[in-house]
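Okay, final_20.cif is below, mmCIF, C-alpha atoms and all ligand atoms:
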data_data
#
loop_
_atom_site.label_atom_id
_atom_site.label_comp_id
_atom_site.auth_asym_id
_atom_site.auth_seq_id
_atom_site.Cartn_x
_atom_site.Cartn_y
_atom_site.Cartn_z
CA MET A 1 129.04 19.61 106.84
CA ARG A 2 130.27 23.10 106.34
CA PHE A 3 129.84 25.75 108.89
CA GLN A 4 128.83 28.73 106.95
CA ASP A 5 129.69 31.48 109.35
CA ILE A 6 133.38 31.19 109.83
CA SER A 7 134.98 29.19 107.14
CA HIS A 8 138.12 27.53 108.30
CA GLU A 9 138.29 28.28 111.91
CA GLY A 10 138.38 25.50 114.36
CA PRO A 11 138.27 25.16 118.08
CA ALA A 12 141.48 25.17 119.96
CA ARG A 13 142.55 24.23 123.40
CA VAL A 14 144.25 27.16 124.98
CA LEU A 15 146.02 27.11 128.26
CA LYS A 16 145.95 30.57 129.71
CA ARG A 17 147.93 32.25 132.36
CA PRO A 18 145.55 33.72 134.88
CA ILE A 19 145.46 37.47 134.46
CA SER A 20 146.34 39.19 137.67
CA MET A 21 144.61 42.45 138.30
CA GLY A 22 146.30 44.57 140.90
CA GLY A 23 144.04 47.13 142.49
CA ARG A 24 141.93 49.07 140.06
CA LYS A 25 144.51 49.10 137.34
CA PRO A 26 142.94 48.60 133.97
CA LEU A 27 143.30 45.22 132.41
CA ALA A 28 146.73 44.80 131.01
CA SER A 29 147.12 43.72 127.43
CA GLY A 30 146.42 40.21 128.65
CA ALA A 31 142.83 40.91 127.82
CA LEU A 32 143.83 40.89 124.21
CA VAL A 33 144.15 37.14 124.26
CA LEU A 34 140.61 36.20 123.57
CA PRO A 35 140.41 32.45 123.80
CA SER A 36 139.46 31.34 120.35
CA GLU A 37 136.84 29.06 121.82
CA ALA A 38 135.02 31.71 123.77
CA PRO A 39 131.66 32.63 122.28
CA LEU A 40 132.74 36.22 122.05
CA GLY A 41 136.25 35.61 120.88
CA SER A 42 135.13 33.31 118.16
CA ARG A 43 133.51 36.11 116.31
CA LEU A 44 135.60 39.07 117.32
CA ARG A 45 138.77 37.24 116.70
CA ARG A 46 138.64 34.82 113.89
CA LYS A 47 141.77 32.97 114.62
CA SER A 48 142.73 30.80 111.77
CA THR A 49 144.48 27.58 112.36
CA ARG A 50 146.15 28.05 109.02
CA THR A 51 149.14 30.21 108.80
CA THR A 52 149.05 33.11 106.45
CA ALA A 53 152.04 34.96 105.19
CA PRO A 54 152.72 38.06 107.18
CA ARG A 55 151.55 41.10 105.35
CA LEU A 56 153.99 43.87 104.81
CA THR A 57 152.71 47.12 106.08
CA LEU A 58 154.37 50.26 104.98
CA ALA A 59 154.50 53.01 107.50
CA SER A 60 152.49 55.92 106.31
CA THR A 61 152.10 59.32 107.83
CA GLU A 62 148.85 59.91 105.98
CA ARG A 63 146.02 58.33 107.85
CA PRO A 64 142.80 57.62 106.03
CA PRO A 65 140.16 60.18 107.03
CA GLU A 66 137.63 57.52 108.06
CA GLU A 67 140.17 56.19 110.53
CA THR A 68 140.78 59.52 112.22
CA ALA A 69 137.05 60.29 112.18
CA LEU A 70 136.18 57.04 113.94
CA GLU A 71 139.03 57.54 116.39
CA ARG A 72 137.68 60.97 117.28
CA SER A 73 134.17 59.60 117.82
CA LEU A 74 135.54 56.91 120.09
CA VAL A 75 137.65 59.32 122.13
CA ASP A 76 134.48 61.18 123.06
CA GLN A 77 133.14 58.02 124.68
CA LEU A 78 136.23 57.17 126.71
CA PRO A 79 136.87 58.03 130.34
CA ALA A 80 138.71 61.32 130.74
CA GLY A 81 142.44 61.05 130.42
CA ARG A 82 142.44 57.85 128.39
CA GLY A 83 143.70 57.97 124.86
CA ILE A 84 143.14 55.68 121.95
CA HIS A 85 145.15 54.70 118.96
CA LEU A 86 142.99 53.23 116.25
CA ARG A 87 143.87 51.43 113.10
CA LEU A 88 141.45 50.14 110.51
CA THR A 89 142.53 46.92 108.89
CA ASP A 90 141.58 44.49 106.17
CA ASN A 91 142.42 41.57 108.35
CA ARG A 92 140.33 38.56 107.47
CA TYR A 93 140.44 36.90 110.84
CA THR A 94 140.67 39.52 113.50
CA MET A 95 137.76 41.91 113.38
CA VAL A 96 138.39 43.55 116.73
CA MET A 97 141.58 43.63 118.69
CA VAL A 98 142.02 45.65 121.85
CA ARG A 99 145.10 46.20 123.91
CA ARG A 100 144.29 47.89 127.13
CA GLY A 101 147.35 49.85 128.07
CA VAL A 102 147.72 51.98 131.13
CA LYS A 103 147.51 55.27 129.26
CA GLU A 104 145.85 54.37 126.03
CA TYR A 105 143.88 51.74 124.26
CA ARG A 106 145.41 50.36 121.12
CA VAL A 107 142.61 49.18 118.93
CA ARG A 108 142.53 47.51 115.56
CA LEU A 109 139.20 47.28 113.84
CA HIS A 110 138.21 45.85 110.52
CA ARG A 111 137.46 48.52 107.95
CA MET A 112 133.76 47.58 108.09
CA PHE A 113 133.56 49.63 111.29
CA ALA A 114 134.28 52.82 109.38
CA ALA A 115 130.55 52.96 108.69
CA ALA A 116 129.63 52.55 112.35
CA GLU A 117 126.62 54.46 113.55
CA PRO A 118 126.51 56.23 116.92
CA ARG A 119 124.93 53.30 118.71
CA LEU A 120 127.61 50.94 117.47
CA ILE A 121 130.31 53.43 118.39
CA ARG A 122 128.96 53.51 121.93
CA SER A 123 129.04 49.71 122.01
CA LEU A 124 132.59 49.71 120.70
CA ALA A 125 133.64 52.13 123.43
CA ARG A 126 131.96 50.00 126.10
CA TYR A 127 133.69 46.95 124.74
CA ILE A 128 137.06 48.67 124.58
CA VAL A 129 136.85 50.04 128.10
CA HIS A 130 134.90 47.40 130.00
CA ASN A 131 135.03 44.32 127.80
CA ASP A 132 131.24 44.60 128.11
CA GLN A 133 129.24 41.47 127.22
CA ARG A 134 126.19 43.18 125.80
CA ALA A 135 128.35 45.48 123.75
CA SER A 136 130.19 42.49 122.34
CA ALA A 137 126.88 40.92 121.34
CA VAL A 138 125.98 44.09 119.41
CA ILE A 139 129.40 44.12 117.77
CA GLY A 140 129.15 40.43 116.96
CA ALA A 141 125.81 40.94 115.24
CA PHE A 142 127.27 43.81 113.23
CA ILE A 143 130.16 41.61 112.10
CA ASP A 144 127.72 38.91 111.09
CA ARG A 145 125.73 41.36 108.99
CA ASN A 146 128.90 42.57 107.30
CA GLN A 147 130.58 39.27 106.55
CA HIS A 148 130.43 40.08 102.87
CA THR A 149 132.81 42.99 103.32
CA ILE A 150 135.60 40.74 104.50
CA ARG A 151 137.83 40.40 101.54
CA GLN A 152 138.08 36.80 100.56
CA GLN A 153 141.22 35.62 98.98
CA PRO A 154 140.92 32.60 96.76
CA GLN A 155 141.88 29.60 98.80
CA ARG A 156 144.56 27.59 97.20
CA PRO A 157 144.31 24.01 98.31
CA ARG A 158 147.25 23.67 100.57
CA LYS A 159 149.36 20.66 100.75
CA VAL A 160 149.63 19.78 104.37
CA VAL A 161 152.72 18.04 105.58
CA LEU A 162 151.91 15.88 108.54
CA ARG A 163 154.54 15.18 111.11
CA THR A 164 153.40 12.58 113.59
CA ALA A 165 156.68 11.21 114.93
CA GLY A 166 158.09 13.51 117.52
CA LEU A 167 161.34 13.15 119.40
CA VAL A 168 159.49 11.67 122.36
CA HIS A 169 155.85 11.07 121.49
CA ASP A 170 154.41 9.46 118.41
CA LEU A 171 151.10 11.15 117.65
CA LYS A 172 149.98 8.51 115.19
CA LYS A 173 150.36 5.84 117.81
CA VAL A 174 148.46 7.92 120.34
CA PHE A 175 145.71 8.78 117.85
CA ASP A 176 145.23 5.22 116.67
CA ARG A 177 145.06 3.88 120.20
CA LEU A 178 142.48 6.48 121.23
CA ASN A 179 140.50 5.89 118.07
CA GLN A 180 140.23 2.18 118.88
CA GLU A 181 139.55 2.66 122.54
CA TYR A 182 136.98 5.45 122.40
CA PHE A 183 135.66 5.79 118.85
CA GLU A 184 135.56 2.19 117.59
CA GLY A 185 138.16 3.21 115.06
CA SER A 186 135.64 5.39 113.27
CA LEU A 187 137.01 8.88 113.88
CA GLU A 188 138.31 10.41 110.70
CA ALA A 189 140.90 13.07 111.21
CA ARG A 190 144.54 13.68 110.59
CA ILE A 191 147.01 14.62 113.23
CA THR A 192 150.33 16.41 113.29
CA TRP A 193 152.67 18.30 115.50
CA GLY A 194 152.10 21.98 114.98
CA PRO A 195 154.73 24.35 113.66
CA ALA A 196 157.56 25.40 115.93
CA PRO A 197 156.48 28.35 118.02
CA ARG A 198 157.60 31.75 116.89
CA ARG A 199 157.27 33.30 120.26
CA THR A 200 159.78 33.15 123.00
CA ARG A 201 158.78 32.16 126.43
CA PRO A 202 157.32 33.05 128.87
CA ARG A 203 153.96 33.34 127.22
CA ARG A 204 150.53 34.34 128.39
CA SER A 205 148.83 31.39 126.85
CA ILE A 206 149.61 28.31 124.90
CA LYS A 207 147.38 26.64 122.38
CA MET A 208 148.03 23.02 123.26
CA GLY A 209 145.85 21.57 120.57
CA SER A 210 143.49 22.60 117.82
CA PHE A 211 141.05 21.02 115.44
CA ALA A 212 140.66 22.58 112.02
CA VAL A 213 137.05 22.07 111.07
CA GLU A 214 137.49 22.27 107.32
CA ASP A 215 140.29 19.84 106.72
CA ARG A 216 139.89 17.88 109.94
CA ILE A 217 143.45 18.26 111.06
CA ILE A 218 144.43 18.04 114.68
CA ARG A 219 147.50 20.01 115.58
CA ILE A 220 149.34 19.44 118.81
CA HIS A 221 151.75 22.02 120.18
CA PRO A 222 155.35 20.82 119.75
CA LEU A 223 156.12 21.93 123.29
CA LEU A 224 154.34 18.77 124.44
CA ASP A 225 156.91 16.64 122.66
CA ASP A 226 159.10 16.50 125.71
CA THR A 227 160.26 13.76 128.06
CA LYS A 228 158.83 15.81 130.93
CA VAL A 229 155.34 15.57 129.45
CA PRO A 230 153.74 12.20 130.19
CA GLU A 231 152.11 10.39 127.32
CA TYR A 232 148.73 10.35 129.07
CA PHE A 233 148.78 14.13 128.95
CA VAL A 234 149.54 14.22 125.24
CA ALA A 235 146.76 11.67 124.79
CA TRP A 236 144.46 13.86 126.83
CA VAL A 237 145.02 16.85 124.53
CA CYS A 238 144.57 14.60 121.48
CA PHE A 239 141.40 13.11 122.92
CA HIS A 240 139.92 16.56 123.45
CA GLU A 241 140.58 17.50 119.82
CA MET A 242 139.23 14.17 118.61
CA LEU A 243 136.01 14.90 120.47
CA HIS A 244 135.73 18.07 118.40
CA GLY A 245 135.89 15.85 115.34
CA LYS A 246 133.05 13.78 116.71
CA HIS A 247 130.80 16.49 118.13
CA GLY A 248 131.19 19.24 115.54
CA VAL A 249 129.96 22.70 116.40
CA GLU A 250 126.60 23.33 117.93
CA LYS A 251 124.88 26.54 117.01
CA ARG A 252 122.95 28.26 119.73
CA GLY A 253 121.35 31.25 118.14
CA ASN A 254 124.20 33.51 117.23
CA ARG A 255 126.71 31.65 119.27
CA ARG A 256 128.74 28.70 118.36
CA CYS A 257 129.24 26.18 121.05
CA PHE A 258 132.31 24.00 120.77
CA HIS A 259 131.99 22.35 124.15
CA SER A 260 128.43 21.16 124.45
CA LYS A 261 127.17 19.36 127.53
CA ALA A 262 127.53 16.06 125.73
CA PHE A 263 131.10 16.97 124.78
CA ILE A 264 132.05 17.76 128.35
CA GLU A 265 130.41 14.61 129.65
CA GLU A 266 132.23 12.47 127.15
CA GLU A 267 135.50 14.16 127.95
CA LYS A 268 135.19 12.77 131.47
CA THR A 269 135.23 9.22 130.18
CA PHE A 270 138.93 9.59 129.41
CA ARG A 271 140.75 6.97 131.43
CA ASP A 272 143.32 9.39 132.81
CA TYR A 273 140.96 12.34 133.15
CA HIS A 274 141.79 13.21 136.75
CA ARG A 275 145.48 12.48 136.36
CA ALA A 276 145.67 14.67 133.26
CA CYS A 277 143.79 17.56 134.86
CA ALA A 278 146.04 17.37 137.89
CA TRP A 279 149.17 17.29 135.76
CA GLU A 280 147.98 20.34 133.84
CA GLN A 281 147.37 22.21 137.08
CA GLU A 282 150.77 21.35 138.47
CA ASN A 283 152.67 22.09 135.31
CA ARG A 284 150.81 25.12 134.04
CA ASN A 285 153.60 27.52 134.82
CA ARG A 286 156.26 25.30 133.37
CA LEU A 287 154.34 24.90 130.13
CA LEU A 288 153.96 28.64 129.92
CA GLY A 289 157.63 29.06 130.61
CA GLY A 290 157.15 31.06 133.79
ZN ZN A 301 138.11 22.51 122.67
#
Serialized structure, structure tokens:
Amino acid sequence: MRFQDISHEGPARVLKRPISMGGRKPLASGALVLPSEAPLGSRLRRKSTRTTAPRLTLASTERPPEETALERSLVDQLPAGRGIHLRLTDNRYTMVMVRRGVKEYRVRLHRMFAAAEPRLIRSLARYIVHNDQRASAVIGAFIDRNQHTIRQQPQRPRKVVLRTAGLVHDLKKVFDRLNQEYFEGSLEARITWGPAPRRTRPRRSIKMGSFAVEDRIIRIHPLLDDTKVPEYFVAWVCFHEMLHGKHGVEKRGNRRCFHSKAFIEEEKTFRDYHRACAWEQENRNRLLGG
């Protein structure tokens, strides 16, 4: 089955650092990390589990007029004293990206928003300032209606190199054992350690595992390949991703639901469920490098 709305996005398990909000300070840029599983994030931020080559952007002093025009319209909707820096992009995965700085909002919007009407501009402003739910629904619907404007690049079939043997944990062994124990050996998916992280620690969040819907590949974060990480925890992350392979994506109206009730119930059947949850709690900061 192919999920028509977002082609090769898959759910991912993200461990997030709780965002601390001191006083009435606006949300720090932490708000930019939209969990890719969140109903909102899934459409505003189409995080691909495939890596794409970084695009070279040349600095230009000439800004396209539609960009400055939209920026001006948005400024009018912002609280006094707050600035905005807007860029229109052709990004295929991230339609809306907001960094909420202390003095200004840094916003990247897909070029489709150049044609935004006043009502949509008001929704954008509400989303930028307040992370407003209703506004995000309006924006999400607009993105859905304008899918065709997202430039599609021909997908070359990519040869995927799987790396299951880690230094400490063997993912194939873990996967096969889980498949026998919980899925009667019937779950079809491939598994690999993910690419080495580009970012240096500490981080705000870590994507411990992901399941790519299109090619059914489970990727586990290489940070978990560590003697300090017990195998039951690695298995726990694998099990979660394997459940994605079993349950697929439920559509609820406009929203995609990765973790249905049935999914969550089945997740609790994991033998080390409580132990794994407890370990995650206790080691959250260490995993994030804090
Ligand atoms: Zn998940």
### Task
Fewer than 2 positions away in the same chain doesn't count, so skip those; otherwise give me all residues within 9 Å of Val234 in chain A, counting all atoms listed in the file, as number ranges by chain.
A: 169, 171, 174, 220, 224-225, 229-232, 236-239, 276
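Counting from CA of Glu214 in chain A, the distance to CA of Gln147 in chain A is 18.4 Å.
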#### Entry: All residues 7 Å or closer to Arg216 in chain A, all atoms listed in the file, same chain fewer than 4 positions away omitted, as a list of chain:residue names
A:Ala189, A:Arg190, A:Phe211, A:Ala212
Write the residues of the selection above to a file with C-alpha atoms, as an mmCIF file, in the frame of the given file.
data_model
loop_
_atom_site.group_PDB
_atom_site.id
_atom_site.type_symbol
_atom_site.label_atom_id
_atom_site.label_comp_id
_atom_site.auth_asym_id
_atom_site.auth_seq_id
_atom_site.Cartn_x
_atom_site.Cartn_y
_atom_site.Cartn_z
ATOM 1 C CA ALA A 189 140.900 13.070 111.210
ATOM 2 C CA ARG A 190 144.540 13.680 110.590
ATOM 3 C CA PHE A 211 141.050 21.020 115.440
ATOM 4 C CA ALA A 212 140.660 22.580 112.020
#
### Task
With only C-alpha atoms counted, which protein, DNA or RNA residues have an atom no more than 8 Å from (148.1, 49.0, 119.3) in the file frame? Please answer as a PyMOL selection string.
chain A and resi 85-87+98-99+105-108
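Between ligand ZN 301 (chain A) and the candidates A:Lys246, A:Arg92, A:Arg100, A:Arg126, the tightest atom-to-atom separation, counting only C-alpha atoms and all ligand atoms, involves A:Lys246.
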### Task
Using CA of Ile218 in chain A and CA of Asn179 in chain A as the two end points, give the distance in Å to one decimal.
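It comes out at 13.2 Å.
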### Message
With distances taken over all atoms listed in the file, which residue among A:Glu117, A:Glu188, A:Glu67, A:Asp272 lies nearest Ile217 in chain A?
### Response
A:Glu188
### Message
Need to verify the contact set: Ala125 in chain A, 10 Å, only C-alpha atoms, exclusion of same-chain residues closer than 6 positions in sequence. Can you return it as a list in words?
### Response
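My reading of the contact set: Ser73, Leu74, Val75, Asp76, Gln77, Leu78, Pro79, Arg119, Asn131, Asp132 and Ala135 of chain A.
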### Point-to-point distance in Å for CA of Arg255 in chain A and CA of Ile128 in chain A
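Taking CA of Ile128 in chain A and CA of Arg255 in chain A, their separation equals 20.6 Å.
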Output as JSON the centre and edge lengths (Å, one decimal) of the box along x, y and z of the file that holds every listed atom of range 253-259 of chain A after adding 3 Å on each side.
{"center_x": 126.8, "center_y": 27.9, "center_z": 120.7, "size_x": 17.0, "size_y": 17.2, "size_z": 12.9}
Model the absent atoms of range 59-95 of chain A so that N, CA and C atoms are present, and write the result as an mmCIF file, keeping the file's coordinate frame.
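In the end it all went to result.cif:
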data_model
loop_
_atom_site.group_PDB
_atom_site.id
_atom_site.type_symbol
_atom_site.label_atom_id
_atom_site.label_comp_id
_atom_site.auth_asym_id
_atom_site.auth_seq_id
_atom_site.Cartn_x
_atom_site.Cartn_y
_atom_site.Cartn_z
ATOM 1 N N ALA A 59 154.853 51.921 106.603
ATOM 2 C CA ALA A 59 154.500 53.010 107.500
ATOM 3 C C ALA A 59 154.068 54.205 106.665
ATOM 4 N N SER A 60 152.982 54.787 107.062
ATOM 5 C CA SER A 60 152.490 55.920 106.310
ATOM 6 C C SER A 60 152.116 57.020 107.285
ATOM 7 N N THR A 61 152.440 58.227 106.938
ATOM 8 C CA THR A 61 152.100 59.320 107.830
ATOM 9 C C THR A 61 150.675 59.789 107.558
ATOM 10 N N GLU A 62 150.204 59.514 106.349
ATOM 11 C CA GLU A 62 148.850 59.910 105.980
ATOM 12 C C GLU A 62 147.871 58.863 106.501
ATOM 13 N N ARG A 63 147.008 59.299 107.384
ATOM 14 C CA ARG A 63 146.020 58.330 107.850
ATOM 15 C C ARG A 63 144.733 58.547 107.075
ATOM 16 N N PRO A 64 144.053 57.455 106.760
ATOM 17 C CA PRO A 64 142.800 57.620 106.030
ATOM 18 C C PRO A 64 141.803 58.411 106.890
ATOM 19 N N PRO A 65 141.058 59.317 106.262
ATOM 20 C CA PRO A 65 140.160 60.180 107.030
ATOM 21 C C PRO A 65 139.123 59.401 107.841
ATOM 22 N N GLU A 66 138.654 58.259 107.303
ATOM 23 C CA GLU A 66 137.630 57.520 108.060
ATOM 24 C C GLU A 66 138.209 56.968 109.364
ATOM 25 N N GLU A 67 139.517 56.714 109.331
ATOM 26 C CA GLU A 67 140.170 56.190 110.530
ATOM 27 C C GLU A 67 140.240 57.272 111.613
ATOM 28 N N THR A 68 140.689 58.442 111.225
ATOM 29 C CA THR A 68 140.780 59.520 112.220
ATOM 30 C C THR A 68 139.395 59.934 112.699
ATOM 31 N N ALA A 69 138.419 59.900 111.789
ATOM 32 C CA ALA A 69 137.050 60.290 112.180
ATOM 33 C C ALA A 69 136.510 59.327 113.234
ATOM 34 N N LEU A 70 136.689 58.030 112.993
ATOM 35 C CA LEU A 70 136.180 57.040 113.940
ATOM 36 C C LEU A 70 136.937 57.156 115.265
ATOM 37 N N GLU A 71 138.221 57.386 115.164
ATOM 38 C CA GLU A 71 139.030 57.540 116.390
ATOM 39 C C GLU A 71 138.495 58.693 117.231
ATOM 40 N N ARG A 72 138.201 59.804 116.557
ATOM 41 C CA ARG A 72 137.680 60.970 117.280
ATOM 42 C C ARG A 72 136.341 60.653 117.951
ATOM 43 N N SER A 73 135.471 59.943 117.226
ATOM 44 C CA SER A 73 134.170 59.600 117.820
ATOM 45 C C SER A 73 134.346 58.709 119.033
ATOM 46 N N LEU A 74 135.329 57.826 118.968
ATOM 47 C CA LEU A 74 135.540 56.910 120.090
ATOM 48 C C LEU A 74 136.121 57.637 121.299
ATOM 49 N N VAL A 75 137.026 58.561 121.033
ATOM 50 C CA VAL A 75 137.650 59.320 122.130
ATOM 51 C C VAL A 75 136.578 59.972 122.994
ATOM 52 N N ASP A 76 135.549 60.508 122.329
ATOM 53 C CA ASP A 76 134.480 61.180 123.060
ATOM 54 C C ASP A 76 133.789 60.272 124.065
ATOM 55 N N GLN A 77 133.859 58.973 123.825
ATOM 56 C CA GLN A 77 133.140 58.020 124.680
ATOM 57 C C GLN A 77 134.030 57.455 125.786
ATOM 58 N N LEU A 78 135.307 57.787 125.751
ATOM 59 C CA LEU A 78 136.230 57.170 126.710
ATOM 60 C C LEU A 78 136.275 57.965 128.015
ATOM 61 N N PRO A 79 136.682 57.294 129.082
ATOM 62 C CA PRO A 79 136.870 58.030 130.340
ATOM 63 C C PRO A 79 137.929 59.110 130.148
ATOM 64 N N ALA A 80 137.781 60.195 130.885
ATOM 65 C CA ALA A 80 138.710 61.320 130.740
ATOM 66 C C ALA A 80 140.146 60.848 130.980
ATOM 67 N N GLY A 81 141.029 61.353 130.193
ATOM 68 C CA GLY A 81 142.440 61.050 130.420
ATOM 69 C C GLY A 81 142.929 59.807 129.704
ATOM 70 N N ARG A 82 142.000 59.039 129.113
ATOM 71 C CA ARG A 82 142.440 57.850 128.390
ATOM 72 C C ARG A 82 142.483 58.136 126.905
ATOM 73 N N GLY A 83 143.560 57.747 126.294
ATOM 74 C CA GLY A 83 143.700 57.970 124.860
ATOM 75 C C GLY A 83 143.407 56.700 124.088
ATOM 76 N N ILE A 84 143.362 56.850 122.789
ATOM 77 C CA ILE A 84 143.140 55.680 121.950
ATOM 78 C C ILE A 84 143.959 55.814 120.680
ATOM 79 N N HIS A 85 144.503 54.719 120.262
ATOM 80 C CA HIS A 85 145.150 54.700 118.960
ATOM 81 C C HIS A 85 144.440 53.663 118.123
ATOM 82 N N LEU A 86 143.823 54.124 117.058
ATOM 83 C CA LEU A 86 142.990 53.230 116.250
ATOM 84 C C LEU A 86 143.611 52.969 114.889
ATOM 85 N N ARG A 87 143.521 51.738 114.477
ATOM 86 C CA ARG A 87 143.870 51.430 113.100
ATOM 87 C C ARG A 87 142.772 50.600 112.475
ATOM 88 N N LEU A 88 142.414 50.957 111.262
ATOM 89 C CA LEU A 88 141.450 50.140 110.510
ATOM 90 C C LEU A 88 142.249 49.169 109.656
ATOM 91 N N THR A 89 141.776 47.949 109.608
ATOM 92 C CA THR A 89 142.530 46.920 108.890
ATOM 93 C C THR A 89 141.647 46.172 107.892
ATOM 94 N N ASP A 90 142.301 45.400 107.071
ATOM 95 C CA ASP A 90 141.580 44.490 106.170
ATOM 96 C C ASP A 90 141.785 43.049 106.617
ATOM 97 N N ASN A 91 142.143 42.912 107.856
ATOM 98 C CA ASN A 91 142.420 41.570 108.350
ATOM 99 C C ASN A 91 141.201 40.658 108.163
ATOM 100 N N ARG A 92 141.457 39.464 107.740
ATOM 101 C CA ARG A 92 140.330 38.560 107.470
ATOM 102 C C ARG A 92 139.923 37.768 108.699
ATOM 103 N N TYR A 93 140.738 37.750 109.698
ATOM 104 C CA TYR A 93 140.440 36.900 110.840
ATOM 105 C C TYR A 93 140.179 37.659 112.129
ATOM 106 N N THR A 94 140.847 38.761 112.263
ATOM 107 C CA THR A 94 140.670 39.520 113.500
ATOM 108 C C THR A 94 139.869 40.764 113.196
ATOM 109 N N MET A 95 138.635 40.773 113.658
ATOM 110 C CA MET A 95 137.760 41.910 113.380
ATOM 111 C C MET A 95 137.960 43.010 114.421
#
